[in-house]
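Engineer: mmCIF, C-alpha atoms (C1' of nucleotides), saved as data-v2.cif, coming up:
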```cif
data_protein
loop_
_atom_site.group_PDB
_atom_site.id
_atom_site.type_symbol
_atom_site.label_atom_id
_atom_site.label_comp_id
_atom_site.auth_asym_id
_atom_site.auth_seq_id
_atom_site.Cartn_x
_atom_site.Cartn_y
_atom_site.Cartn_z
ATOM 1 C CA MET A 832 -23.196 42.381 146.884
ATOM 2 C CA LYS A 833 -22.643 42.509 143.129
ATOM 3 C CA ILE A 834 -20.958 39.777 141.142
ATOM 4 C CA ALA A 835 -20.178 39.647 137.455
ATOM 5 C CA THR A 836 -18.565 37.612 134.686
ATOM 6 C CA TRP A 837 -16.792 38.693 131.508
ATOM 7 C CA ASN A 838 -14.949 36.756 128.837
ATOM 8 C CA VAL A 839 -12.382 39.421 127.924
ATOM 9 C CA ASN A 840 -10.616 37.569 125.065
ATOM 10 C CA SER A 841 -7.100 38.615 126.156
ATOM 11 C CA LEU A 842 -6.651 40.484 129.434
ATOM 12 C CA LYS A 843 -3.549 42.093 127.946
ATOM 13 C CA VAL A 844 -5.553 43.847 125.236
ATOM 14 C CA ARG A 845 -8.653 44.435 127.355
ATOM 15 C CA LEU A 846 -7.025 45.630 130.613
ATOM 16 C CA PRO A 847 -7.899 49.305 130.030
ATOM 17 C CA GLN A 848 -11.516 48.328 129.359
ATOM 18 C CA VAL A 849 -11.604 46.122 132.458
ATOM 19 C CA LEU A 850 -10.273 48.961 134.624
ATOM 20 C CA ASP A 851 -12.755 51.429 133.127
ATOM 21 C CA TRP A 852 -15.595 48.968 133.580
ATOM 22 C CA LEU A 853 -14.705 48.315 137.228
ATOM 23 C CA ALA A 854 -14.541 52.055 137.902
ATOM 24 C CA ALA A 855 -18.068 52.421 136.504
ATOM 25 C CA ASN A 856 -19.303 49.102 137.956
ATOM 26 C CA PRO A 857 -17.587 48.587 141.317
ATOM 27 C CA VAL A 858 -18.692 44.993 141.759
ATOM 28 C CA ASP A 859 -17.513 42.919 144.715
ATOM 29 C CA ALA A 860 -16.271 40.139 142.443
ATOM 30 C CA LEU A 861 -15.589 39.909 138.698
ATOM 31 C CA CYS A 862 -14.947 36.537 137.099
ATOM 32 C CA LEU A 863 -12.824 36.695 133.953
ATOM 33 C CA GLN A 864 -12.268 34.175 131.186
ATOM 34 C CA GLU A 865 -9.860 33.872 128.263
ATOM 35 C CA LEU A 866 -7.061 35.775 129.951
ATOM 36 C CA LYS A 867 -4.613 34.359 127.378
ATOM 37 C CA LEU A 868 -1.803 35.248 129.786
ATOM 38 C CA PRO A 869 0.443 33.064 131.942
ATOM 39 C CA ASP A 870 0.445 33.681 135.703
ATOM 40 C CA ASP A 871 3.711 35.623 135.591
ATOM 41 C CA ARG A 872 2.344 38.156 133.105
ATOM 42 C CA LEU A 873 -0.930 38.999 134.847
ATOM 43 C CA PRO A 874 -1.377 42.756 135.522
ATOM 44 C CA LEU A 875 -1.707 42.278 139.285
ATOM 45 C CA ASP A 876 -0.375 45.725 140.185
ATOM 46 C CA ALA A 877 -2.801 47.618 137.964
ATOM 47 C CA LEU A 878 -5.705 45.592 139.326
ATOM 48 C CA ARG A 879 -4.555 46.158 142.903
ATOM 49 C CA GLU A 880 -4.365 49.906 142.274
ATOM 50 C CA ALA A 881 -7.972 49.654 141.066
ATOM 51 C CA GLY A 882 -8.866 48.065 144.398
ATOM 52 C CA TYR A 883 -9.030 44.403 143.445
ATOM 53 C CA HIS A 884 -7.270 41.249 144.558
ATOM 54 C CA THR A 885 -6.641 38.669 141.857
ATOM 55 C CA ALA A 886 -6.824 34.902 142.080
ATOM 56 C CA ALA A 887 -6.044 33.325 138.729
ATOM 57 C CA ALA A 888 -5.230 30.221 136.776
ATOM 58 C CA GLY A 889 -3.356 31.707 133.848
ATOM 59 C CA GLN A 890 -2.191 30.132 130.624
ATOM 60 C CA SER A 891 -0.295 31.441 127.641
ATOM 61 C CA THR A 892 -2.138 31.849 124.317
ATOM 62 C CA TYR A 893 -5.433 30.151 125.241
ATOM 63 C CA ASN A 894 -7.854 29.883 128.159
ATOM 64 C CA GLY A 895 -7.001 31.294 131.576
ATOM 65 C CA VAL A 896 -9.528 32.316 134.266
ATOM 66 C CA ALA A 897 -9.544 34.648 137.263
ATOM 67 C CA VAL A 898 -11.647 36.058 140.052
ATOM 68 C CA LEU A 899 -11.051 39.718 140.892
ATOM 69 C CA SER A 900 -12.436 40.658 144.302
ATOM 70 C CA ARG A 901 -12.541 43.570 146.731
ATOM 71 C CA GLN A 902 -11.488 41.305 149.569
ATOM 72 C CA PRO A 903 -8.851 38.639 149.061
ATOM 73 C CA GLY A 904 -10.335 35.284 148.094
ATOM 74 C CA ARG A 905 -9.467 32.312 150.263
ATOM 75 C CA ASP A 906 -9.465 28.544 149.730
ATOM 76 C CA VAL A 907 -8.403 29.133 146.124
ATOM 77 C CA LEU A 908 -8.949 26.074 143.945
ATOM 78 C CA ARG A 909 -7.621 25.759 140.418
ATOM 79 C CA ASN A 910 -9.085 23.302 137.908
ATOM 80 C CA ILE A 911 -11.378 20.339 138.497
ATOM 81 C CA PRO A 912 -9.888 17.913 141.018
ATOM 82 C CA GLY A 913 -9.335 14.490 139.480
ATOM 83 C CA PHE A 914 -9.871 15.749 135.905
ATOM 84 C CA ASP A 915 -6.478 15.699 134.230
ATOM 85 C CA ASP A 916 -6.425 18.748 131.981
ATOM 86 C CA ALA A 917 -3.659 21.099 130.868
ATOM 87 C CA GLN A 918 -6.225 23.772 129.931
ATOM 88 C CA GLN A 919 -6.847 26.379 132.630
ATOM 89 C CA ARG A 920 -10.617 26.671 132.763
ATOM 90 C CA LEU A 921 -11.797 26.845 136.372
ATOM 91 C CA LEU A 922 -10.943 28.910 139.422
ATOM 92 C CA ALA A 923 -12.818 29.019 142.741
ATOM 93 C CA VAL A 924 -12.484 31.342 145.728
ATOM 94 C CA THR A 925 -14.409 31.896 148.943
ATOM 95 C CA LEU A 926 -15.508 35.400 149.951
ATOM 96 C CA ASP A 927 -17.328 36.721 153.012
ATOM 97 C CA SER A 928 -20.668 38.469 152.724
ATOM 98 C CA PRO A 929 -23.302 39.643 155.218
ATOM 99 C CA CYS A 930 -25.238 36.432 154.587
ATOM 100 C CA GLY A 931 -22.201 34.252 155.176
ATOM 101 C CA GLU A 932 -19.362 32.928 153.109
ATOM 102 C CA ILE A 933 -19.941 32.595 149.380
ATOM 103 C CA ARG A 934 -18.145 30.328 146.927
ATOM 104 C CA ILE A 935 -17.437 32.176 143.681
ATOM 105 C CA ILE A 936 -16.346 30.055 140.715
ATOM 106 C CA SER A 937 -15.120 31.384 137.355
ATOM 107 C CA ALA A 938 -15.584 28.897 134.517
ATOM 108 C CA TYR A 939 -14.471 28.884 130.904
ATOM 109 C CA CYS A 940 -16.222 25.848 129.463
ATOM 110 C CA PRO A 941 -14.784 24.354 126.266
ATOM 111 C CA ASN A 942 -16.144 25.659 122.973
ATOM 112 C CA GLY A 943 -16.261 22.283 121.240
ATOM 113 C CA GLN A 944 -15.567 23.771 117.796
ATOM 114 C CA SER A 945 -18.001 21.489 115.925
ATOM 115 C CA LEU A 946 -19.892 18.260 116.500
ATOM 116 C CA GLU A 947 -17.305 16.416 114.388
ATOM 117 C CA SER A 948 -14.279 17.805 116.245
ATOM 118 C CA ASP A 949 -12.428 15.824 118.908
ATOM 119 C CA LYS A 950 -12.934 18.984 120.999
ATOM 120 C CA TYR A 951 -16.653 18.152 121.180
ATOM 121 C CA PRO A 952 -16.350 14.952 123.259
ATOM 122 C CA TYR A 953 -13.766 16.802 125.354
ATOM 123 C CA LYS A 954 -16.380 19.482 125.988
ATOM 124 C CA LEU A 955 -18.979 16.931 127.110
ATOM 125 C CA ALA A 956 -16.441 15.129 129.331
ATOM 126 C CA TRP A 957 -15.424 18.459 130.871
ATOM 127 C CA PHE A 958 -19.054 19.286 131.647
ATOM 128 C CA ALA A 959 -19.580 15.872 133.236
ATOM 129 C CA ALA A 960 -16.512 16.367 135.417
ATOM 130 C CA LEU A 961 -17.677 19.881 136.309
ATOM 131 C CA ARG A 962 -21.084 18.550 137.317
ATOM 132 C CA ASP A 963 -19.547 16.015 139.695
ATOM 133 C CA HIS A 964 -17.185 18.638 141.100
ATOM 134 C CA ILE A 965 -19.908 21.229 141.648
ATOM 135 C CA GLU A 966 -21.968 18.609 143.445
ATOM 136 C CA GLN A 967 -19.127 18.298 145.937
ATOM 137 C CA GLU A 968 -18.638 22.060 146.168
ATOM 138 C CA LEU A 969 -22.358 22.562 146.872
ATOM 139 C CA ALA A 970 -22.164 20.107 149.753
ATOM 140 C CA ARG A 971 -19.432 22.212 151.312
ATOM 141 C CA TYR A 972 -20.603 25.669 150.178
ATOM 142 C CA PRO A 973 -24.395 26.003 150.045
ATOM 143 C CA ARG A 974 -24.046 29.651 148.981
ATOM 144 C CA LEU A 975 -22.408 29.087 145.602
ATOM 145 C CA ALA A 976 -22.275 31.108 142.382
ATOM 146 C CA LEU A 977 -20.898 29.588 139.189
ATOM 147 C CA LEU A 978 -20.189 32.296 136.644
ATOM 148 C CA GLY A 979 -18.608 32.227 133.243
ATOM 149 C CA ASP A 980 -18.619 31.469 129.566
ATOM 150 C CA PHE A 981 -20.480 28.161 129.319
ATOM 151 C CA ASN A 982 -20.388 28.053 125.527
ATOM 152 C CA VAL A 983 -23.972 26.746 125.565
ATOM 153 C CA ALA A 984 -27.137 28.678 124.682
ATOM 154 C CA PRO A 985 -29.698 27.025 126.993
ATOM 155 C CA GLU A 986 -32.845 27.613 124.934
ATOM 156 C CA ASP A 987 -33.884 28.706 121.466
ATOM 157 C CA ARG A 988 -34.793 32.148 122.817
ATOM 158 C CA ASP A 989 -31.086 32.516 123.626
ATOM 159 C CA VAL A 990 -30.232 32.179 119.923
ATOM 160 C CA HIS A 991 -30.689 34.954 117.345
ATOM 161 C CA ASP A 992 -31.607 32.484 114.592
ATOM 162 C CA PRO A 993 -32.593 29.104 116.067
ATOM 163 C CA VAL A 994 -33.324 27.594 112.649
ATOM 164 C CA LYS A 995 -29.891 28.433 111.303
ATOM 165 C CA TRP A 996 -28.228 27.229 114.504
ATOM 166 C CA GLU A 997 -30.256 24.061 115.012
ATOM 167 C CA GLY A 998 -28.015 21.180 116.033
ATOM 168 C CA GLN A 999 -24.830 23.260 115.769
ATOM 169 C CA VAL A 1000 -22.139 23.472 118.389
ATOM 170 C CA LEU A 1001 -23.107 25.778 121.328
ATOM 171 C CA VAL A 1002 -26.754 24.790 120.779
ATOM 172 C CA SER A 1003 -26.832 21.005 120.236
ATOM 173 C CA ALA A 1004 -29.004 18.759 122.434
ATOM 174 C CA PRO A 1005 -26.088 16.968 124.164
ATOM 175 C CA GLU A 1006 -24.550 20.306 125.160
ATOM 176 C CA ARG A 1007 -27.849 21.608 126.459
ATOM 177 C CA ALA A 1008 -28.317 18.361 128.391
ATOM 178 C CA ALA A 1009 -24.845 18.757 129.898
ATOM 179 C CA LEU A 1010 -25.692 22.286 131.073
ATOM 180 C CA GLN A 1011 -29.067 21.108 132.365
ATOM 181 C CA ALA A 1012 -27.397 18.319 134.360
ATOM 182 C CA LEU A 1013 -25.378 21.012 136.088
ATOM 183 C CA ILE A 1014 -28.484 23.107 136.752
ATOM 184 C CA ASP A 1015 -30.288 20.030 138.053
ATOM 185 C CA LEU A 1016 -27.852 19.967 140.976
ATOM 186 C CA GLY A 1017 -29.937 22.871 142.292
ATOM 187 C CA LEU A 1018 -28.649 25.888 140.397
ATOM 188 C CA HIS A 1019 -30.625 28.701 138.795
ATOM 189 C CA ASP A 1020 -29.920 30.827 135.730
ATOM 190 C CA ALA A 1021 -29.937 34.266 137.385
ATOM 191 C CA PHE A 1022 -30.817 36.001 134.119
ATOM 192 C CA ARG A 1023 -34.093 34.105 133.843
ATOM 193 C CA LEU A 1024 -35.191 34.941 137.386
ATOM 194 C CA PHE A 1025 -36.327 38.301 135.979
ATOM 195 C CA ASP A 1026 -38.190 39.723 133.003
ATOM 196 C CA GLN A 1027 -35.692 40.396 130.239
ATOM 197 C CA PRO A 1028 -35.763 42.024 126.825
ATOM 198 C CA GLU A 1029 -36.274 39.646 123.918
ATOM 199 C CA LYS A 1030 -33.201 38.810 121.905
ATOM 200 C CA SER A 1031 -30.830 39.266 124.827
ATOM 201 C CA PHE A 1032 -27.398 37.872 124.014
ATOM 202 C CA SER A 1033 -23.947 37.916 125.613
ATOM 203 C CA TRP A 1034 -21.735 37.000 122.643
ATOM 204 C CA TRP A 1035 -21.629 38.210 119.044
ATOM 205 C CA ASP A 1036 -19.234 36.927 116.404
ATOM 206 C CA TYR A 1037 -16.653 39.470 115.296
ATOM 207 C CA ARG A 1038 -17.415 38.498 111.717
ATOM 208 C CA GLN A 1039 -20.245 39.608 109.460
ATOM 209 C CA LEU A 1040 -21.182 42.586 111.645
ATOM 210 C CA GLY A 1041 -22.561 40.224 114.250
ATOM 211 C CA PHE A 1042 -23.058 42.847 116.943
ATOM 212 C CA ARG A 1043 -24.621 45.443 114.677
ATOM 213 C CA ARG A 1044 -27.107 42.829 113.473
ATOM 214 C CA ASN A 1045 -27.577 41.536 117.035
ATOM 215 C CA ALA A 1046 -26.687 38.136 115.608
ATOM 216 C CA GLY A 1047 -25.694 36.718 118.976
ATOM 217 C CA LEU A 1048 -26.091 33.948 121.496
ATOM 218 C CA ARG A 1049 -26.576 33.998 125.256
ATOM 219 C CA ILE A 1050 -23.771 31.711 126.397
ATOM 220 C CA ASP A 1051 -22.391 33.612 129.422
ATOM 221 C CA HIS A 1052 -24.288 32.779 132.571
ATOM 222 C CA ILE A 1053 -24.515 33.311 136.308
ATOM 223 C CA LEU A 1054 -25.779 30.154 138.017
ATOM 224 C CA LEU A 1055 -26.866 30.541 141.641
ATOM 225 C CA SER A 1056 -27.501 27.901 144.258
ATOM 226 C CA ASP A 1057 -30.882 27.770 146.007
ATOM 227 C CA ALA A 1058 -29.455 29.667 148.986
ATOM 228 C CA LEU A 1059 -28.297 32.550 146.763
ATOM 229 C CA ARG A 1060 -31.266 32.561 144.414
ATOM 230 C CA GLU A 1061 -33.508 33.870 147.151
ATOM 231 C CA HIS A 1062 -31.183 36.860 147.612
ATOM 232 C CA CYS A 1063 -30.820 37.729 143.937
ATOM 233 C CA VAL A 1064 -32.542 41.032 143.144
ATOM 234 C CA SER A 1065 -31.336 41.683 139.581
ATOM 235 C CA CYS A 1066 -29.383 40.258 136.676
ATOM 236 C CA ALA A 1067 -28.480 41.993 133.424
ATOM 237 C CA ILE A 1068 -26.179 41.896 130.432
ATOM 238 C CA ASP A 1069 -24.132 45.068 129.963
ATOM 239 C CA LYS A 1070 -23.779 45.601 126.222
ATOM 240 C CA GLU A 1071 -21.888 48.884 126.560
ATOM 241 C CA PRO A 1072 -18.353 47.427 126.453
ATOM 242 C CA ARG A 1073 -19.257 45.573 123.252
ATOM 243 C CA ARG A 1074 -19.864 48.936 121.558
ATOM 244 C CA LEU A 1075 -16.325 50.206 122.294
ATOM 245 C CA PRO A 1076 -13.473 50.152 119.794
ATOM 246 C CA GLN A 1077 -11.481 46.894 119.978
ATOM 247 C CA PRO A 1078 -14.079 45.097 122.109
ATOM 248 C CA SER A 1079 -14.170 41.582 123.464
ATOM 249 C CA ASP A 1080 -16.658 39.486 121.528
ATOM 250 C CA HIS A 1081 -18.475 38.895 124.865
ATOM 251 C CA ALA A 1082 -20.407 41.301 127.108
ATOM 252 C CA PRO A 1083 -20.311 41.258 130.920
ATOM 253 C CA VAL A 1084 -23.205 39.809 132.925
ATOM 254 C CA ILE A 1085 -23.943 41.258 136.388
ATOM 255 C CA ALA A 1086 -26.111 39.995 139.243
ATOM 256 C CA GLU A 1087 -26.942 41.739 142.492
ATOM 257 C CA LEU A 1088 -27.432 39.750 145.669
ATOM 258 C CA GLY A 1089 -29.512 41.450 148.346
ATOM 259 C CA CYS A 1090 -27.450 40.067 151.187
ATOM 260 C CA ALA A 1091 -25.017 42.992 151.156
ATOM 261 C "C1'" DA B 655 -19.541 25.534 100.001
ATOM 262 C "C1'" DT B 656 -16.661 29.253 101.652
ATOM 263 C "C1'" DG B 657 -15.078 32.925 104.333
ATOM 264 C "C1'" DG B 658 -15.837 36.471 106.911
ATOM 265 C "C1'" DT B 659 -12.728 38.973 112.315
ATOM 266 C "C1'" DA B 660 -9.807 38.930 116.306
ATOM 267 C "C1'" DG B 661 -5.883 37.438 119.377
ATOM 268 C "C1'" DA B 662 -1.508 35.053 120.130
ATOM 269 C "C1'" DC B 663 2.241 33.219 118.046
ATOM 270 C "C1'" DA B 664 4.716 32.523 114.392
ATOM 271 C "C1'" DT B 665 2.046 31.267 109.510
ATOM 272 C "C1'" DT B 666 -1.547 28.286 111.989
ATOM 273 C "C1'" DC B 667 -4.743 27.464 115.838
ATOM 274 C "C1'" DT B 668 -8.712 28.721 118.415
ATOM 275 C "C1'" DA B 669 -12.915 30.881 118.909
#
```
Once you've parsed the file, please lay out its structure as structure tokens.
Structural biologist:
Amino acid sequence: MKIATWNVNSLKVRLPQVLDWLAANPVDALCLQELKLPDDRLPLDALREAGYHTAAAGQSTYNGVAVLSRQPGRDVLRNIPGFDDAQQRLLAVTLDSPCGEIRIISAYCPNGQSLESDKYPYKLAWFAALRDHIEQELARYPRLALLGDFNVAPEDRDVHDPVKWEGQVLVSAPERAALQALIDLGLHDAFRLFDQPEKSFSWWDYRQLGFRRNAGLRIDHILLSDALREHCVSCAIDKEPRRLPQPSDHAPVIAELGCA
DNA sequence: ATGGTAGACATTCTA
């Protein structure tokens, strides 16, 4: 079973790339972020013709998350229960696999903008609410994968220039602590289960030739519960879509679970 | 210290 995550920065613009990518990478589930489309404008027909069911929490202009899957997802949950939020940032589905049912969750964590912004405390509050929610989800679904754009680079090796970025948003100690609190529930960064090239990143700023200079951050992650970690046989970032004309600023991340 | 690019919407906000 293969699962993946991709912040597409507008599904409207990136739909052809998503369809091409799925044809070349026929994963069982693809979590998407930054759809920037309301529910009634999602390209459900095109995705169905490509062989995928769509469960989504859409939103016009900003945010919006989805899980595309070969089999229809069930027990669809939108947003974080009890966390009052107009921004569509979380979507969970349950899928069947040979090792039992798996909870797949697509997350678009807040960016935070800067440490001085009012979006920064919102980001930390969102992470705290996510932590409490995932704790409950883990109790019900021991085989759980949380995939998405976390907008946090966990360690300095996930940052192209740690000195320049020190203390900045996406890297600051409170954000890293918030991500670690989530991981401390019993999750594992699938990417770091394996040897990886140095300077591996998943996001590069559109500005200042960020991709060409590999001036990036690793902020897109696949977090696996203990029960899934033992089945994970690979995890990689696919930089190819970032090389295309009119790319998303993020690259997909794929993990393979040996239970299928 | 500033602005650089991209997307959506409407000329500014978010990332």
Engineer: Using all atoms listed in the file, find the one residue out of A:Pro973, A:Gly889, A:Pro1005, A:Pro941 that sits nearest to Trp957 of chain A.
Structural biologist: A:Pro941
Engineer: Could I get the residues of chain A with an atom no further than 12 Å from an atom of chain B, each paired with its nearest atom pair and that distance in Å to one decimal, using only C-alpha atoms (C1' of nucleotides), sorted by chain and residue number, as a Markdown table?
Structural biologist:
```
| residue | atom | partner | partner_atom | distance |
| --- | --- | --- | --- | --- |
| A:Asn838 | CA | B:DA669 | C1' | 11.7 |
| A:Val839 | CA | B:DG661 | C1' | 10.9 |
| A:Asn840 | CA | B:DG661 | C1' | 7.4 |
| A:Ser841 | CA | B:DG661 | C1' | 7.0 |
| A:Leu842 | CA | B:DG661 | C1' | 10.5 |
| A:Lys843 | CA | B:DG661 | C1' | 10.0 |
| A:Val844 | CA | B:DG661 | C1' | 8.7 |
| A:Arg845 | CA | B:DG661 | C1' | 11.0 |
| A:Glu865 | CA | B:DA669 | C1' | 10.3 |
| A:Leu866 | CA | B:DG661 | C1' | 10.8 |
| A:Lys867 | CA | B:DA662 | C1' | 7.9 |
| A:Leu868 | CA | B:DA662 | C1' | 9.7 |
| A:Gln890 | CA | B:DA662 | C1' | 11.6 |
| A:Ser891 | CA | B:DA662 | C1' | 8.4 |
| A:Thr892 | CA | B:DA662 | C1' | 5.3 |
| A:Tyr893 | CA | B:DT668 | C1' | 7.7 |
| A:Asn894 | CA | B:DT668 | C1' | 9.9 |
| A:Pro941 | CA | B:DA669 | C1' | 10.0 |
| A:Asn942 | CA | B:DA669 | C1' | 7.4 |
| A:Gly943 | CA | B:DA669 | C1' | 9.5 |
| A:Gln944 | CA | B:DA669 | C1' | 7.7 |
| A:Ser945 | CA | B:DA669 | C1' | 11.1 |
| A:Lys950 | CA | B:DT668 | C1' | 10.9 |
| A:Asn982 | CA | B:DA669 | C1' | 10.4 |
| A:Val1000 | CA | B:DA669 | C1' | 11.8 |
| A:Leu1001 | CA | B:DA669 | C1' | 11.7 |
| A:Trp1034 | CA | B:DA669 | C1' | 11.4 |
| A:Trp1035 | CA | B:DT659 | C1' | 11.2 |
| A:Asp1036 | CA | B:DT659 | C1' | 8.0 |
| A:Tyr1037 | CA | B:DT659 | C1' | 5.0 |
| A:Arg1038 | CA | B:DT659 | C1' | 4.7 |
| A:Gln1039 | CA | B:DG658 | C1' | 6.0 |
| A:Leu1040 | CA | B:DT659 | C1' | 9.2 |
| A:Gly1041 | CA | B:DT659 | C1' | 10.1 |
| A:Phe1042 | CA | B:DT659 | C1' | 12.0 |
| A:Gln1077 | CA | B:DA660 | C1' | 8.9 |
| A:Pro1078 | CA | B:DA660 | C1' | 9.5 |
| A:Ser1079 | CA | B:DA660 | C1' | 8.8 |
| A:Asp1080 | CA | B:DA660 | C1' | 8.6 |
| A:His1081 | CA | B:DA669 | C1' | 11.4 |
```
Engineer: Could you write out as an MDAnalysis selection string the residues that the PyMOL selection byres ((chain A and resi 1032) around 6) matches in the shown file?
Structural biologist: chainID A and resid 1031 1033:1034 1047:1049
Engineer: I need the chosen residues saved as an mmCIF file, in the frame of the given file, with C-alpha atoms.
Structural biologist:
```cif
data_model
loop_
_atom_site.group_PDB
_atom_site.id
_atom_site.type_symbol
_atom_site.label_atom_id
_atom_site.label_comp_id
_atom_site.auth_asym_id
_atom_site.auth_seq_id
_atom_site.Cartn_x
_atom_site.Cartn_y
_atom_site.Cartn_z
ATOM 1 C CA SER A 1031 -30.830 39.266 124.827
ATOM 2 C CA SER A 1033 -23.947 37.916 125.613
ATOM 3 C CA TRP A 1034 -21.735 37.000 122.643
ATOM 4 C CA GLY A 1047 -25.694 36.718 118.976
ATOM 5 C CA LEU A 1048 -26.091 33.948 121.496
ATOM 6 C CA ARG A 1049 -26.576 33.998 125.256
#
```
Engineer: To verify the selection step, state as a list in words which residues the PyMOL selection byres ((chain A and resi 1027) around 12) yields on this input.
Structural biologist: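 Residues picked by the PyMOL selection byres ((chain A and resi 1027) around 12): Arg988, Asp989, Ala1021, Phe1022, Arg1023, Leu1024, Phe1025, Asp1026, Pro1028, Glu1029, Lys1030, Ser1031, Phe1032, Ser1065, Cys1066, Ala1067 and Ile1068 of chain A.
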Engineer: Could you check the closest approach to Leu853 of chain A for each of A:Ala1004, A:Ile1050, A:Ala956, A:Ile1085 and tell me which residue wins, using all atoms listed in the file?
Structural biologist: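 Of A:Ala1004, A:Ile1050, A:Ala956, A:Ile1085, the one nearest Leu853 of chain A, counting all atoms listed in the file, is A:Ile1085.
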Engineer: Between atom CA of Arg879 of chain A and atom CA of Val1064 of chain A, what is the spacing in Å?
Structural biologist: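 Pair atom CA of Val1064 of chain A / atom CA of Arg879 of chain A returns 28.5 Å.
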Engineer: Using all atoms listed in the file, which of A:Ser900, A:Thr925, A:Gln1011, A:Thr885 sits nearest Lys833 of chain A?
Structural biologist: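 Looking at the shortest contact to Lys833 of chain A, the residue is A:Ser900.
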Engineer: Go ahead and compute the interatomic distance for atom CA of Trp852 of chain A and atom CA of Ala877 of chain A, in Å to one decimal.
Structural biologist: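 Distance between the two atoms: 13.6 Å.
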Engineer: Can you list, as a list of chain:residue names, every protein, DNA or RNA residue that comes within 7 Å of Trp837 of chain A when you count only C-alpha atoms (C1' of nucleotides), leaving out same-chain residues fewer than 4 positions away?
Structural biologist: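 Using only C-alpha atoms (C1' of nucleotides), the neighbours found are A:Cys862, A:Leu863, A:Gln864, A:Gly979, A:His1081, A:Ala1082, A:Pro1083, A:Val1084.
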Engineer: Got time to write the residues from that selection, C-alpha atoms, as a short mmCIF file (atom, residue, chain, number, x, y, z; two decimals), in the frame of the given file?
Structural biologist:
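What landed in out00.cif:
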```cif
data_model
loop_
_atom_site.label_atom_id
_atom_site.label_comp_id
_atom_site.auth_asym_id
_atom_site.auth_seq_id
_atom_site.Cartn_x
_atom_site.Cartn_y
_atom_site.Cartn_z
CA CYS A 862 -14.95 36.54 137.10
CA LEU A 863 -12.82 36.70 133.95
CA GLN A 864 -12.27 34.17 131.19
CA GLY A 979 -18.61 32.23 133.24
CA HIS A 1081 -18.48 38.90 124.86
CA ALA A 1082 -20.41 41.30 127.11
CA PRO A 1083 -20.31 41.26 130.92
CA VAL A 1084 -23.20 39.81 132.93
#
```
Engineer: At what distance in Å, to one decimal, does atom CA of Ala835 of chain A lie from atom CA of Arg1074 of chain A?
Structural biologist: 18.4 Å
Engineer: Return the padded bounding box of segment 658-667 of chain B as JSON: axis-aligned, built from all atoms listed in the file, 3 Å added on each side, with centre and edge lengths in Å to one decimal.
Structural biologist:
```
{"center_x": -5.6, "center_y": 33.2, "center_z": 113.5, "size_x": 26.6, "size_y": 17.5, "size_z": 19.2}
```
Engineer: Take the point (-22.4, 34.0, 150.2) in the file's coordinates, draw a sphere of radius 12 Å around it, and report as a PDB file with C-alpha atoms, in the frame of the given file every protein, DNA or RNA residue with an atom inside or on it, counting all atoms listed in the file.
Structural biologist:
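Final file, selection-v9.pdb:
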```
ATOM      1  CA  MET A 832     -23.196  42.381 146.884  1.00  0.00           C
ATOM      2  CA  LYS A 833     -22.643  42.509 143.129  1.00  0.00           C
ATOM      3  CA  ILE A 834     -20.958  39.777 141.142  1.00  0.00           C
ATOM      4  CA  ASP A 859     -17.513  42.919 144.715  1.00  0.00           C
ATOM      5  CA  ALA A 860     -16.271  40.139 142.443  1.00  0.00           C
ATOM      6  CA  VAL A 924     -12.484  31.342 145.728  1.00  0.00           C
ATOM      7  CA  THR A 925     -14.409  31.896 148.943  1.00  0.00           C
ATOM      8  CA  LEU A 926     -15.508  35.400 149.951  1.00  0.00           C
ATOM      9  CA  ASP A 927     -17.328  36.721 153.012  1.00  0.00           C
ATOM     10  CA  SER A 928     -20.668  38.469 152.724  1.00  0.00           C
ATOM     11  CA  PRO A 929     -23.302  39.643 155.218  1.00  0.00           C
ATOM     12  CA  CYS A 930     -25.238  36.432 154.587  1.00  0.00           C
ATOM     13  CA  GLY A 931     -22.201  34.252 155.176  1.00  0.00           C
ATOM     14  CA  GLU A 932     -19.362  32.928 153.109  1.00  0.00           C
ATOM     15  CA  ILE A 933     -19.941  32.595 149.380  1.00  0.00           C
ATOM     16  CA  ARG A 934     -18.145  30.328 146.927  1.00  0.00           C
ATOM     17  CA  ILE A 935     -17.437  32.176 143.681  1.00  0.00           C
ATOM     18  CA  ILE A 936     -16.346  30.055 140.715  1.00  0.00           C
ATOM     19  CA  LEU A 969     -22.358  22.562 146.872  1.00  0.00           C
ATOM     20  CA  TYR A 972     -20.603  25.669 150.178  1.00  0.00           C
ATOM     21  CA  PRO A 973     -24.395  26.003 150.045  1.00  0.00           C
ATOM     22  CA  ARG A 974     -24.046  29.651 148.981  1.00  0.00           C
ATOM     23  CA  LEU A 975     -22.408  29.087 145.602  1.00  0.00           C
ATOM     24  CA  ALA A 976     -22.275  31.108 142.382  1.00  0.00           C
ATOM     25  CA  LEU A 977     -20.898  29.588 139.189  1.00  0.00           C
ATOM     26  CA  LEU A1055     -26.866  30.541 141.641  1.00  0.00           C
ATOM     27  CA  SER A1056     -27.501  27.901 144.258  1.00  0.00           C
ATOM     28  CA  ASP A1057     -30.882  27.770 146.007  1.00  0.00           C
ATOM     29  CA  ALA A1058     -29.455  29.667 148.986  1.00  0.00           C
ATOM     30  CA  LEU A1059     -28.297  32.550 146.763  1.00  0.00           C
ATOM     31  CA  ARG A1060     -31.266  32.561 144.414  1.00  0.00           C
ATOM     32  CA  GLU A1061     -33.508  33.870 147.151  1.00  0.00           C
ATOM     33  CA  HIS A1062     -31.183  36.860 147.612  1.00  0.00           C
ATOM     34  CA  CYS A1063     -30.820  37.729 143.937  1.00  0.00           C
ATOM     35  CA  GLU A1087     -26.942  41.739 142.492  1.00  0.00           C
ATOM     36  CA  LEU A1088     -27.432  39.750 145.669  1.00  0.00           C
ATOM     37  CA  GLY A1089     -29.512  41.450 148.346  1.00  0.00           C
ATOM     38  CA  CYS A1090     -27.450  40.067 151.187  1.00  0.00           C
ATOM     39  CA  ALA A1091     -25.017  42.992 151.156  1.00  0.00           C
TER      40      ALA A1091
END
```
